[in-house]
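J.: Sending over input-v1.cif (mmCIF, C-alpha atoms).
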```cif
data_work
loop_
_atom_site.label_atom_id
_atom_site.label_comp_id
_atom_site.auth_asym_id
_atom_site.auth_seq_id
_atom_site.Cartn_x
_atom_site.Cartn_y
_atom_site.Cartn_z
CA MET X 1 -13.07 18.85 -1.88
CA ALA X 2 -10.88 19.77 -4.84
CA GLU X 3 -9.18 17.09 -6.87
CA LEU X 4 -5.42 16.80 -6.57
CA ASN X 5 -3.83 19.14 -9.08
CA PRO X 6 -0.14 19.55 -8.20
CA ALA X 7 1.29 22.96 -8.99
CA GLN X 8 2.95 22.94 -12.39
CA ASP X 9 6.13 24.48 -11.06
CA LEU X 10 6.60 21.44 -8.82
CA LEU X 11 6.40 18.92 -11.64
CA ASP X 12 8.88 17.85 -14.28
CA THR X 13 8.90 14.85 -16.57
CA SER X 14 12.62 14.80 -17.32
CA SER X 15 14.63 11.76 -16.29
CA CYS X 16 16.15 11.69 -12.84
CA GLN X 17 19.87 12.19 -13.09
CA ASP X 18 22.30 9.62 -11.69
CA SER X 19 23.27 11.93 -8.86
CA LYS X 20 23.14 12.34 -5.11
CA ASN X 21 21.04 15.41 -5.93
CA CYS X 22 18.21 13.05 -6.83
CA ALA X 23 16.08 11.48 -4.11
CA ILE X 24 13.59 8.63 -4.29
CA VAL X 25 10.92 9.05 -1.63
CA LEU X 26 8.71 6.08 -0.79
CA LEU X 27 5.19 7.19 0.17
CA ASN X 28 2.96 5.07 2.38
CA MET X 29 0.29 5.43 5.05
CA GLY X 30 2.60 4.40 7.90
CA GLY X 31 1.82 2.45 11.01
CA PRO X 32 2.23 2.77 14.79
CA ASN X 33 5.81 2.34 16.00
CA SER X 34 4.46 1.48 19.46
CA LEU X 35 1.15 0.98 21.22
CA PHE X 36 1.32 4.63 22.27
CA GLU X 37 1.25 5.70 18.60
CA VAL X 38 -1.93 3.77 17.78
CA LYS X 39 -4.10 6.71 18.87
CA MET X 40 -2.04 9.15 16.77
CA PHE X 41 -2.30 6.82 13.79
CA LEU X 42 -6.09 6.58 14.05
CA GLN X 43 -6.55 10.30 14.75
CA ASN X 44 -4.51 11.31 11.72
CA MET X 45 -6.22 8.76 9.49
CA PHE X 46 -9.73 9.85 10.40
CA SER X 47 -8.77 13.51 10.09
CA ASP X 48 -7.85 12.94 6.45
CA PRO X 49 -10.58 14.30 4.13
CA TYR X 50 -9.66 11.63 1.57
CA ILE X 51 -10.49 8.94 4.16
CA LEU X 52 -13.43 10.68 5.82
CA PRO X 53 -14.85 12.88 3.02
CA ILE X 54 -16.83 15.33 5.11
CA LYS X 55 -16.64 18.94 3.89
CA SER X 56 -16.85 20.50 7.34
CA ASP X 57 -13.53 20.22 9.18
CA PHE X 58 -15.37 20.61 12.48
CA LEU X 59 -17.85 17.85 11.73
CA ARG X 60 -15.08 15.58 10.42
CA LYS X 61 -13.20 16.12 13.67
CA ILE X 62 -16.23 15.20 15.76
CA ILE X 63 -17.03 12.07 13.76
CA GLY X 64 -13.34 11.13 13.54
CA SER X 65 -12.96 11.38 17.31
CA PHE X 66 -16.00 9.17 17.78
CA ILE X 67 -14.51 6.51 15.46
CA VAL X 68 -11.11 6.68 17.15
CA ASN X 69 -12.59 6.29 20.62
CA ARG X 70 -14.59 3.26 19.50
CA ARG X 71 -11.65 1.58 17.76
CA LEU X 72 -8.69 2.49 19.98
CA GLU X 73 -8.74 -0.35 22.51
CA GLU X 74 -9.42 -3.02 19.90
CA SER X 75 -6.69 -1.65 17.63
CA GLN X 76 -4.16 -1.60 20.46
CA ASN X 77 -5.04 -5.21 21.32
CA ASN X 78 -4.58 -6.20 17.69
CA TYR X 79 -1.15 -4.57 17.49
CA GLN X 80 -0.22 -6.21 20.78
CA LYS X 81 -0.71 -9.59 19.11
CA ILE X 82 1.84 -8.80 16.39
CA GLY X 83 4.58 -7.41 18.60
CA GLY X 84 3.15 -4.11 19.82
CA LYS X 85 3.75 -2.16 16.60
CA SER X 86 3.27 -2.21 12.85
CA PRO X 87 5.96 -4.05 10.86
CA LEU X 88 5.60 -1.55 8.01
CA ILE X 89 8.18 0.99 9.17
CA ALA X 90 10.92 -1.60 9.69
CA HIS X 91 10.24 -3.16 6.28
CA THR X 92 10.40 0.27 4.64
CA PHE X 93 13.68 1.17 6.34
CA ALA X 94 15.15 -2.16 5.25
CA LEU X 95 13.95 -1.54 1.70
CA CYS X 96 15.72 1.83 1.60
CA GLU X 97 18.91 0.09 2.73
CA LYS X 98 18.47 -2.51 -0.02
CA LEU X 99 17.96 0.23 -2.60
CA LYS X 100 21.10 1.97 -1.39
CA GLN X 101 23.09 -1.23 -1.90
CA LEU X 102 21.74 -1.70 -5.42
CA ASN X 103 22.32 1.88 -6.56
CA PRO X 104 24.08 4.26 -4.14
CA LYS X 105 23.88 7.19 -6.59
CA TYR X 106 20.44 8.20 -5.33
CA TYR X 107 19.29 9.30 -1.91
CA TYR X 108 16.52 7.09 -0.51
CA THR X 109 14.03 7.94 2.18
CA TYR X 110 10.33 7.57 3.01
CA ALA X 111 7.47 9.70 4.22
CA MET X 112 4.42 8.36 6.03
CA ARG X 113 0.96 9.84 5.95
CA TYR X 114 -0.26 9.14 9.50
CA THR X 115 2.83 8.35 11.62
CA PRO X 116 6.43 9.57 11.67
CA PRO X 117 8.41 10.31 9.63
CA PHE X 118 5.93 12.83 8.25
CA ALA X 119 6.22 14.54 4.87
CA SER X 120 7.12 17.88 6.46
CA THR X 121 10.17 16.38 8.19
CA ILE X 122 11.37 14.69 5.00
CA ALA X 123 10.79 17.80 2.86
CA GLU X 124 12.91 19.86 5.24
CA GLU X 125 15.61 17.17 5.26
CA LEU X 126 15.78 17.06 1.45
CA LYS X 127 15.92 20.85 1.27
CA GLN X 128 18.88 20.86 3.65
CA LYS X 129 20.60 18.27 1.45
CA ASN X 130 20.13 20.50 -1.61
CA ILE X 131 18.21 17.80 -3.43
CA GLU X 132 17.32 19.02 -6.92
CA GLU X 133 15.04 16.22 -8.14
CA ILE X 134 12.60 13.95 -6.32
CA VAL X 135 10.82 10.82 -7.48
CA LEU X 136 7.71 10.29 -5.35
CA PHE X 137 7.19 6.55 -5.41
CA SER X 138 3.73 5.46 -4.26
CA MET X 139 3.92 2.27 -2.25
CA TYR X 140 0.33 1.60 -3.27
CA PRO X 141 0.49 -0.40 -6.53
CA HIS X 142 -3.10 0.56 -7.43
CA PHE X 143 -4.26 4.16 -7.60
CA SER X 144 -6.90 5.44 -5.19
CA HIS X 145 -7.65 8.93 -3.98
CA THR X 146 -7.80 7.54 -0.42
CA THR X 147 -4.16 6.47 -0.62
CA THR X 148 -2.16 7.78 -3.57
CA THR X 149 -3.75 11.21 -3.87
CA SER X 150 -3.71 11.72 -0.11
CA SER X 151 -0.01 10.86 0.23
CA VAL X 152 1.17 12.78 -2.84
CA GLN X 153 -0.85 15.89 -1.99
CA ASP X 154 0.47 15.76 1.57
CA PHE X 155 4.05 15.73 0.31
CA LEU X 156 3.48 18.52 -2.22
CA ASN X 157 1.92 20.64 0.52
CA ALA X 158 4.98 20.01 2.68
CA LEU X 159 7.26 21.24 -0.12
CA LYS X 160 5.24 24.43 -0.41
CA THR X 161 5.36 24.97 3.35
CA HIS X 162 9.16 24.79 3.25
CA HIS X 163 9.35 26.95 0.11
CA PHE X 164 11.17 24.13 -1.60
CA ALA X 165 10.61 23.57 -5.33
CA PRO X 166 12.71 20.68 -6.68
CA LYS X 167 11.79 18.89 -9.89
CA ILE X 168 9.16 16.27 -9.08
CA ARG X 169 8.19 13.08 -10.86
CA ILE X 170 5.58 10.64 -9.62
CA VAL X 171 5.24 6.90 -9.93
CA LYS X 172 1.55 6.81 -9.09
CA HIS X 173 0.76 3.12 -9.79
CA TYR X 174 2.44 0.11 -11.38
CA TYR X 175 0.03 -2.82 -11.18
CA MET X 176 0.37 -3.19 -14.97
CA GLN X 177 4.18 -3.46 -14.97
CA GLU X 178 5.69 -6.88 -15.70
CA SER X 179 8.62 -6.35 -13.36
CA TYR X 180 6.26 -5.69 -10.45
CA ASN X 181 3.98 -8.59 -11.24
CA ASN X 182 6.98 -10.91 -11.37
CA VAL X 183 7.69 -9.81 -7.78
CA VAL X 184 4.13 -10.76 -6.77
CA LEU X 185 4.39 -14.11 -8.55
CA ASN X 186 7.67 -14.82 -6.78
CA ARG X 187 5.98 -14.33 -3.40
CA ILE X 188 3.15 -16.67 -4.43
CA LEU X 189 5.59 -19.36 -5.57
CA GLU X 190 7.65 -18.99 -2.38
CA SER X 191 4.51 -19.58 -0.33
CA LEU X 192 3.69 -22.70 -2.36
CA ASN X 193 7.14 -24.04 -1.49
CA ASN X 194 7.23 -26.39 -4.53
CA GLU X 195 3.90 -27.99 -3.65
CA ASP X 196 1.28 -28.69 -6.31
CA PRO X 197 -0.72 -25.48 -6.96
CA LYS X 198 -3.66 -27.55 -8.21
CA GLU X 199 -4.28 -28.52 -4.59
CA PHE X 200 -4.73 -24.86 -3.58
CA HIS X 201 -7.39 -22.23 -4.15
CA LEU X 202 -5.73 -18.84 -4.72
CA ILE X 203 -7.49 -15.80 -3.26
CA PHE X 204 -6.28 -12.32 -4.15
CA SER X 205 -7.22 -10.20 -1.14
CA ALA X 206 -7.38 -6.43 -1.52
CA HIS X 207 -8.07 -3.77 1.07
CA SER X 208 -11.70 -2.81 0.66
CA LEU X 209 -13.17 0.60 -0.12
CA PRO X 210 -16.69 1.95 0.39
CA GLN X 211 -18.77 1.28 -2.71
CA LYS X 212 -19.62 4.99 -2.91
CA ASN X 213 -15.94 5.80 -3.59
CA ILE X 214 -16.04 3.58 -6.66
CA ALA X 215 -19.37 5.07 -7.76
CA GLN X 216 -17.78 8.52 -7.57
CA GLY X 217 -15.03 7.51 -9.98
CA ASP X 218 -12.21 6.10 -7.88
CA PRO X 219 -10.37 3.67 -10.24
CA TYR X 220 -9.10 1.41 -7.45
CA GLN X 221 -11.39 -1.58 -8.05
CA LYS X 222 -10.85 -1.48 -11.82
CA GLU X 223 -7.10 -1.56 -11.27
CA ILE X 224 -7.34 -4.44 -8.79
CA LEU X 225 -9.38 -6.52 -11.25
CA ALA X 226 -7.07 -5.61 -14.13
CA ASN X 227 -4.08 -6.64 -12.02
CA VAL X 228 -5.65 -10.02 -11.23
CA LYS X 229 -6.30 -10.57 -14.93
CA ILE X 230 -2.64 -9.88 -15.69
CA LEU X 231 -1.46 -12.21 -12.92
CA LYS X 232 -3.78 -14.99 -14.10
CA SER X 233 -2.25 -14.73 -17.56
CA MET X 234 1.30 -14.76 -16.19
CA LEU X 235 0.55 -17.78 -14.00
CA SER X 236 -0.86 -19.59 -17.02
CA GLN X 237 2.22 -18.76 -19.07
CA LYS X 238 4.40 -20.23 -16.33
CA GLY X 239 2.25 -23.37 -16.21
CA VAL X 240 1.08 -22.66 -12.65
CA GLU X 241 -2.52 -23.85 -12.33
CA PHE X 242 -4.55 -23.39 -9.14
CA ALA X 243 -7.76 -25.21 -8.26
CA SER X 244 -9.50 -21.83 -8.52
CA ILE X 245 -8.66 -18.12 -8.41
CA LYS X 246 -10.88 -15.55 -6.72
CA VAL X 247 -10.78 -11.87 -5.73
CA ALA X 248 -11.98 -10.79 -2.28
CA TYR X 249 -11.78 -7.69 -0.11
CA GLN X 250 -10.82 -7.21 3.52
CA SER X 251 -10.75 -4.65 6.33
CA LYS X 252 -14.22 -3.16 5.92
CA ILE X 253 -15.52 -1.10 8.84
CA GLY X 254 -18.87 0.48 9.63
CA PRO X 255 -22.38 -0.19 8.33
CA ILE X 256 -22.06 1.31 4.83
CA LYS X 257 -21.73 -0.86 1.70
CA TRP X 258 -18.17 -1.86 0.87
CA LEU X 259 -16.64 -3.77 -2.04
CA GLU X 260 -17.62 -7.41 -2.16
CA PRO X 261 -17.15 -10.27 -1.65
CA ASN X 262 -15.72 -9.83 1.81
CA LEU X 263 -12.92 -12.30 2.53
CA GLN X 264 -14.26 -13.21 5.93
CA ASP X 265 -17.62 -14.12 4.43
CA ILE X 266 -16.20 -16.52 1.84
CA LEU X 267 -13.80 -18.44 4.08
CA PRO X 268 -16.47 -21.03 5.06
CA HIS X 269 -16.73 -22.00 1.37
CA TYR X 270 -13.25 -23.51 1.56
CA ALA X 271 -13.92 -26.07 4.30
CA GLU X 272 -11.67 -29.12 3.95
CA LYS X 273 -9.71 -27.33 1.21
CA LYS X 274 -6.32 -25.66 0.90
CA ILE X 275 -6.12 -21.94 0.27
CA LEU X 276 -3.35 -19.48 -0.47
CA ILE X 277 -4.06 -15.80 0.08
CA CYS X 278 -2.10 -13.17 -1.82
CA PRO X 279 -2.51 -9.66 -0.30
CA ILE X 280 -2.54 -8.03 -3.72
CA SER X 281 -3.08 -4.41 -2.65
CA PHE X 282 -0.13 -4.25 -0.25
CA THR X 283 3.58 -3.90 -0.95
CA MET X 284 4.52 -3.93 2.74
CA ASP X 285 3.33 -6.31 5.42
CA ASN X 286 1.28 -4.42 8.01
CA SER X 287 -1.50 -5.03 10.51
CA GLU X 288 -3.90 -6.02 7.73
CA THR X 289 -1.55 -8.82 6.66
CA ASP X 290 0.21 -9.79 9.88
CA PHE X 291 -2.84 -9.54 12.14
CA GLU X 292 -5.99 -9.72 10.02
CA LEU X 293 -4.85 -12.26 7.42
CA SER X 294 -2.12 -14.21 9.21
CA TYR X 295 -3.58 -14.24 12.73
CA GLN X 296 -7.31 -13.48 12.86
CA TYR X 297 -8.40 -15.30 9.71
CA ARG X 298 -6.02 -18.16 10.38
CA LEU X 299 -7.93 -18.82 13.59
CA GLU X 300 -11.20 -18.66 11.66
CA SER X 301 -9.82 -21.06 9.06
CA GLN X 302 -9.41 -23.62 11.84
CA ARG X 303 -13.08 -23.17 12.77
CA TYR X 304 -14.03 -23.89 9.19
CA SER X 305 -11.74 -26.94 8.97
CA ILE X 306 -9.65 -25.44 6.17
CA LYS X 307 -6.93 -28.04 5.62
CA ASP X 308 -4.10 -25.64 4.75
CA TYR X 309 -4.22 -21.87 5.20
CA ARG X 310 -1.33 -19.81 3.81
CA VAL X 311 -0.67 -16.11 3.31
CA ALA X 312 1.96 -15.01 0.79
CA LYS X 313 4.37 -12.37 2.02
CA CYS X 314 4.27 -8.87 0.62
CA PRO X 315 7.23 -7.68 -1.49
CA ASN X 316 8.70 -5.90 1.57
CA ASP X 317 12.48 -5.43 1.22
CA SER X 318 13.03 -8.26 -1.25
CA GLN X 319 15.82 -7.88 -3.79
CA ASP X 320 13.47 -8.19 -6.75
CA PHE X 321 11.12 -5.50 -5.43
CA ALA X 322 14.03 -3.12 -4.81
CA ALA X 323 15.23 -3.70 -8.38
CA CYS X 324 11.67 -3.09 -9.61
CA ILE X 325 11.48 0.25 -7.76
CA LEU X 326 14.75 1.37 -9.33
CA GLU X 327 13.55 0.40 -12.79
CA LEU X 328 10.21 2.17 -12.41
CA SER X 329 11.82 5.25 -10.87
CA GLN X 330 14.40 5.55 -13.61
CA ASN X 331 11.65 5.27 -16.22
CA ALA X 332 9.13 7.37 -14.34
CA GLU X 333 8.52 9.70 -17.28
CA SER X 334 6.09 7.23 -18.85
CA LEU X 335 4.22 6.90 -15.55
CA CYS X 336 4.31 10.52 -14.47
CA GLU X 337 1.09 12.54 -14.51
CA THR X 338 0.74 16.27 -14.06
CA ASN X 339 -2.65 15.57 -12.57
CA LEU X 340 -3.52 12.62 -10.37
CA SER X 341 -7.10 11.74 -11.08
#
```
Can you give me the file's structure in the form of C-alpha cells?

T.:
Amino acid sequence: MAELNPAQDLLDTSSCQDSKNCAIVLLNMGGPNSLFEVKMFLQNMFSDPYILPIKSDFLRKIIGSFIVNRRLEESQNNYQKIGGKSPLIAHTFALCEKLKQLNPKYYYTYAMRYTPPFASTIAEELKQKNIEEIVLFSMYPHFSHTTTTSSVQDFLNALKTHHFAPKIRIVKHYYMQESYNNVVLNRILESLNNEDPKEFHLIFSAHSLPQKNIAQGDPYQKEILANVKILKSMLSQKGVEFASIKVAYQSKIGPIKWLEPNLQDILPHYAEKKILICPISFTMDNSETDFELSYQYRLESQRYSIKDYRVAKCPNDSQDFAACILELSQNAESLCETNLS
C-alpha cells in the first residue's frame, strides 16, 4: 500500500485568510449515531486498508466480514450501555458551535471516517459554498497512519472525486503544543477537584496499536511517550505531584502482540489505592472512554478494591480546546506537511 502523498496542487502553506471562504474541517473516525449504525461503523473500519493492512481487497473484505460478525452483538451491547450511540458526534457538533462563537469568520464543519457525515458529503458542501481554503484539523493529537493518514487521505480523495481543488493546509498532530497540553492538564485538575494529587496514581491511557505497526515505522508510540514526558514536566512546574505516573494502552483486540502494558492487566496492581486515568490519545469522549474506561474498567476496579477510580474527561467542546484549535489552525503553516509520513 502506497504511503500518503497528497497531490501538490491540493496543498498550500500560506496562512488561512480571515474569511468565510476559509473552512476548518475537523477529521475524526466517527462513531455510531444509533445501534443500527454499529454494523456500518465496524464494516467501514475493517474495510480500511490502514486498519486492516491486507493487500488483496477481496481477502480484506472476507476477513473484515468475519471480524464484524464476531464483534457486532458485543459492540451493540456496549453502545447500549452508554445510551445507544457514540457521544463523539454530539461533542464534535458542539465543538463546531463553540468555534463559531469564538471566531465566526471561518466556516466550521467535520468529516468522519466510518460514519456520517462522510468526507464526500462535506467536500461537496464546501464546493457549493465556494470555499477557497481548507484547514484539515486532525482530531488525533498523535500521528498514526491508522488514524491521521487514513482520515486525511480519505478527504483528499473526496476532493478529487468532486473535482474540487481549494488550498489545503493540515494540522496533522499537536501533542507537543503548550496550548494543547494546558487543555489536557485542565481536564486532569478538574477531575482531581482540588483533592491532593499525592493520594492518586496517574495513568495515561492511550488506544493501543499492534506492535507490528510500530516496527514498520508508525511514530504513534514515540509521540505518546514524548507527550507524557511533556505533561510530566508541566505538572512538575505547576507543583502537581502524583503518587506515581504510568503509561498504559487499551482497546487491544485479537491474538497478535499489541503495545504494552495493557491497562486491564495493570489495574490489579492498584488495589486499595486511588487512581486517575487520563485518556491521552483521545480529544473526544467515545466508546473507549465512556464504556471501556468509565463503565467496564470501573466495574473491574471494584473487584480489585481500588479505593477511588476516576477518568478525566476528554477536551470535547471545552472553551480552552476550541481556543487551542483556532490558534493551531491560524498557525498551521509551521505544522503543515506536504507529505504525511

J.: Near segment 63-78 of chain X, within 12 Å and counting only C-alpha atoms, which residues show up once chain neighbours fewer than 6 positions away are dropped, as a PDB file with C-alpha atoms, in the frame of the given file?

T.:
```pdb
ATOM      1  CA  GLY X  31       1.820   2.450  11.010  1.00  0.00           C
ATOM      2  CA  PRO X  32       2.230   2.770  14.790  1.00  0.00           C
ATOM      3  CA  ASN X  33       5.810   2.340  16.000  1.00  0.00           C
ATOM      4  CA  SER X  34       4.460   1.480  19.460  1.00  0.00           C
ATOM      5  CA  LEU X  35       1.150   0.980  21.220  1.00  0.00           C
ATOM      6  CA  PHE X  36       1.320   4.630  22.270  1.00  0.00           C
ATOM      7  CA  GLU X  37       1.250   5.700  18.600  1.00  0.00           C
ATOM      8  CA  VAL X  38      -1.930   3.770  17.780  1.00  0.00           C
ATOM      9  CA  LYS X  39      -4.100   6.710  18.870  1.00  0.00           C
ATOM     10  CA  MET X  40      -2.040   9.150  16.770  1.00  0.00           C
ATOM     11  CA  PHE X  41      -2.300   6.820  13.790  1.00  0.00           C
ATOM     12  CA  LEU X  42      -6.090   6.580  14.050  1.00  0.00           C
ATOM     13  CA  GLN X  43      -6.550  10.300  14.750  1.00  0.00           C
ATOM     14  CA  ASN X  44      -4.510  11.310  11.720  1.00  0.00           C
ATOM     15  CA  MET X  45      -6.220   8.760   9.490  1.00  0.00           C
ATOM     16  CA  PHE X  46      -9.730   9.850  10.400  1.00  0.00           C
ATOM     17  CA  SER X  47      -8.770  13.510  10.090  1.00  0.00           C
ATOM     18  CA  ASP X  48      -7.850  12.940   6.450  1.00  0.00           C
ATOM     19  CA  PRO X  49     -10.580  14.300   4.130  1.00  0.00           C
ATOM     20  CA  ILE X  51     -10.490   8.940   4.160  1.00  0.00           C
ATOM     21  CA  LEU X  52     -13.430  10.680   5.820  1.00  0.00           C
ATOM     22  CA  PRO X  53     -14.850  12.880   3.020  1.00  0.00           C
ATOM     23  CA  ILE X  54     -16.830  15.330   5.110  1.00  0.00           C
ATOM     24  CA  SER X  56     -16.850  20.500   7.340  1.00  0.00           C
ATOM     25  CA  ASP X  57     -13.530  20.220   9.180  1.00  0.00           C
ATOM     26  CA  GLY X  84       3.150  -4.110  19.820  1.00  0.00           C
ATOM     27  CA  LYS X  85       3.750  -2.160  16.600  1.00  0.00           C
ATOM     28  CA  SER X  86       3.270  -2.210  12.850  1.00  0.00           C
ATOM     29  CA  ILE X 253     -15.520  -1.100   8.840  1.00  0.00           C
ATOM     30  CA  GLY X 254     -18.870   0.480   9.630  1.00  0.00           C
ATOM     31  CA  ASN X 286       1.280  -4.420   8.010  1.00  0.00           C
ATOM     32  CA  SER X 287      -1.500  -5.030  10.510  1.00  0.00           C
ATOM     33  CA  GLU X 288      -3.900  -6.020   7.730  1.00  0.00           C
ATOM     34  CA  THR X 289      -1.550  -8.820   6.660  1.00  0.00           C
ATOM     35  CA  ASP X 290       0.210  -9.790   9.880  1.00  0.00           C
ATOM     36  CA  PHE X 291      -2.840  -9.540  12.140  1.00  0.00           C
ATOM     37  CA  GLU X 292      -5.990  -9.720  10.020  1.00  0.00           C
ATOM     38  CA  LEU X 293      -4.850 -12.260   7.420  1.00  0.00           C
ATOM     39  CA  SER X 294      -2.120 -14.210   9.210  1.00  0.00           C
ATOM     40  CA  TYR X 295      -3.580 -14.240  12.730  1.00  0.00           C
ATOM     41  CA  GLN X 296      -7.310 -13.480  12.860  1.00  0.00           C
TER      42      GLN X 296
END
```

J.: By how many Å are atom CA of Ala119 of chain X and atom CA of Ile24 of chain X apart?

T.: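 Computed distance, atom CA of Ala119 of chain X to atom CA of Ile24 of chain X, equals 13.2 Å.
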
J.: For Lys257 of chain X, which residue out of X:Ala90, X:Leu235, X:Ala226, X:Ala215 is the nearest one, using all atoms listed in the file?

T.: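 The answer is X:Ala215, which sits nearest to Lys257 of chain X.
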
J.: Write out as a CSV table (one decimal) with C-alpha atoms, in the frame of the given file each polymer residue whose atoms come within 12 Å of Ser236 of chain X, counting all atoms listed in the file; drop sequence neighbours fewer than 5 positions from it.

T.:
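Generated file (out-v8.csv):
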```csv
chain,number,residue,atom,x,y,z
X,185,LEU,CA,4.4,-14.1,-8.6
X,197,PRO,CA,-0.7,-25.5,-7.0
X,229,LYS,CA,-6.3,-10.6,-14.9
X,230,ILE,CA,-2.6,-9.9,-15.7
X,231,LEU,CA,-1.5,-12.2,-12.9
X,241,GLU,CA,-2.5,-23.8,-12.3
X,242,PHE,CA,-4.6,-23.4,-9.1
X,245,ILE,CA,-8.7,-18.1,-8.4
```

J.: Do you know which residues the PyMOL selection byres ((chain X and resi 323) around 10) returns on this file, as a PyMOL selection string?

T.: chain X and resi 98-99+102-103+179-180+183+318-322+324-329

J.: Restrict the selected residues to C-alpha atoms and save them as a compact mmCIF listing (two decimals), in the coordinates of the input.

T.:
```txt
# COMPACT_ATOMS: atom_id res chain seq x y z
CA LYS X 98 18.47 -2.51 -0.02
CA LEU X 99 17.96 0.23 -2.60
CA LEU X 102 21.74 -1.70 -5.42
CA ASN X 103 22.32 1.88 -6.56
CA SER X 179 8.62 -6.35 -13.36
CA TYR X 180 6.26 -5.69 -10.45
CA VAL X 183 7.69 -9.81 -7.78
CA SER X 318 13.03 -8.26 -1.25
CA GLN X 319 15.82 -7.88 -3.79
CA ASP X 320 13.47 -8.19 -6.75
CA PHE X 321 11.12 -5.50 -5.43
CA ALA X 322 14.03 -3.12 -4.81
CA CYS X 324 11.67 -3.09 -9.61
CA ILE X 325 11.48 0.25 -7.76
CA LEU X 326 14.75 1.37 -9.33
CA GLU X 327 13.55 0.40 -12.79
CA LEU X 328 10.21 2.17 -12.41
CA SER X 329 11.82 5.25 -10.87
```

J.: So, counting only C-alpha atoms, which residue among X:Ser138, X:Gln128, X:Ser244, X:Ser251 is closest to Leu202 of chain X?

T.: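 Closest to Leu202 of chain X, using only C-alpha atoms: X:Ser244.
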
J.: Please compute the atom CA of Thr109 of chain X-atom CA of Thr92 of chain X distance, one decimal, in Å.

T.: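 It comes out at 8.8 Å.
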
J.: Would you pick out the contacts of segment 261-267 of chain X at 9 Å or less, using all atoms listed in the file, so that residues sharing its chain but fewer than 6 positions from it are not included, and give the list as a list in words?

T.: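 Residues near the query, excluding close chain neighbours: Ile203, Ser205, Ser208, Val247, Ala248, Tyr249, Gln250, Ser251, Lys252, Tyr297, Glu300, Ser301, Tyr304 and Ile306 of chain X.
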
J.: What is the atom CA of Gln177 of chain X to atom CA of Lys198 of chain X distance in Å?

T.: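 Computing the Euclidean distance for atom CA of Gln177 of chain X and atom CA of Lys198 of chain X yields 26.2 Å.
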
J.: Around the point (9.5, -15.4, -4.6) (coordinates from the file), which residues reach within 12 Å if we count all atoms listed in the file? Answer as an NGL selection string.

T.: :X and (180-194 or 312-321)

J.: Quick one: apply the PyMOL selection byres ((chain X and resi 155) around 8) to the file and drop the selected residues here as number ranges by chain.

T.: X: 111, 119-120, 123, 151-154, 156-159

J.: Can you give me, as a list in words, the residues this file yields under the PyMOL selection byres ((chain X and resi 199) around 9)?

T.: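 When the PyMOL selection byres ((chain X and resi 199) around 9) is applied to the shown file, the picked residues are Glu195, Asp196, Pro197, Lys198, Phe200, His201, Phe242, Ala243, Lys273, Lys274 and Ile275 of chain X.
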
J.: Have a look at X:Val228, X:Val240, X:Ala332, X:Cys22 and name the one nearest to His173 of chain X; count all atoms listed in the file.

T.: X:Ala332

J.: Would you please work out which residue, of X:Phe143, X:Tyr79, X:Phe58, X:Tyr106, is nearest to Asp218 of chain X when using only C-alpha atoms?

T.: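 The shortest atom-to-atom distance to Asp218 of chain X comes from X:Phe143.
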
J.: In the coordinate frame of the file, compute which residues have an atom within 6 Å of (0.4, -3.3, -11.7) when using all atoms listed in the file, and state them as a PDB file with C-alpha atoms, in the coordinates of the input.

T.:
```pdb
ATOM      1  CA  PRO X 141       0.490  -0.400  -6.530  1.00  0.00           C
ATOM      2  CA  TYR X 174       2.440   0.110 -11.380  1.00  0.00           C
ATOM      3  CA  TYR X 175       0.030  -2.820 -11.180  1.00  0.00           C
ATOM      4  CA  MET X 176       0.370  -3.190 -14.970  1.00  0.00           C
ATOM      5  CA  GLN X 177       4.180  -3.460 -14.970  1.00  0.00           C
ATOM      6  CA  ASN X 227      -4.080  -6.640 -12.020  1.00  0.00           C
TER       7      ASN X 227
END
```

J.: Given all atoms listed in the file as the basis, pick out the residue of X:Thr148, X:Thr283, X:Gln237, X:Asn213 nearest to Leu259 of chain X.

T.: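 Closest to Leu259 of chain X, using all atoms listed in the file: X:Asn213.
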
J.: Provide an axis-aligned box for all listed atoms of segment 106-118 of chain X, padding each side by 8 Å; report its centre and its edge lengths in Å to one decimal, as JSON.

T.:
```
{"center_x": 10.1, "center_y": 10.0, "center_z": 3.2, "size_x": 36.7, "size_y": 21.7, "size_z": 33.0}
```

J.: May I have the residues within 8 Å of Pro166 of chain X as a compact mmCIF listing (two decimals) with C-alpha atoms, keeping the file's coordinate frame, using only C-alpha atoms and disregarding those fewer than 6 positions away in the same chain?

T.:
```txt
# COMPACT_ATOMS: atom_id res chain seq x y z
CA LEU X 10 6.60 21.44 -8.82
CA ILE X 131 18.21 17.80 -3.43
CA GLU X 132 17.32 19.02 -6.92
CA GLU X 133 15.04 16.22 -8.14
CA ILE X 134 12.60 13.95 -6.32
```
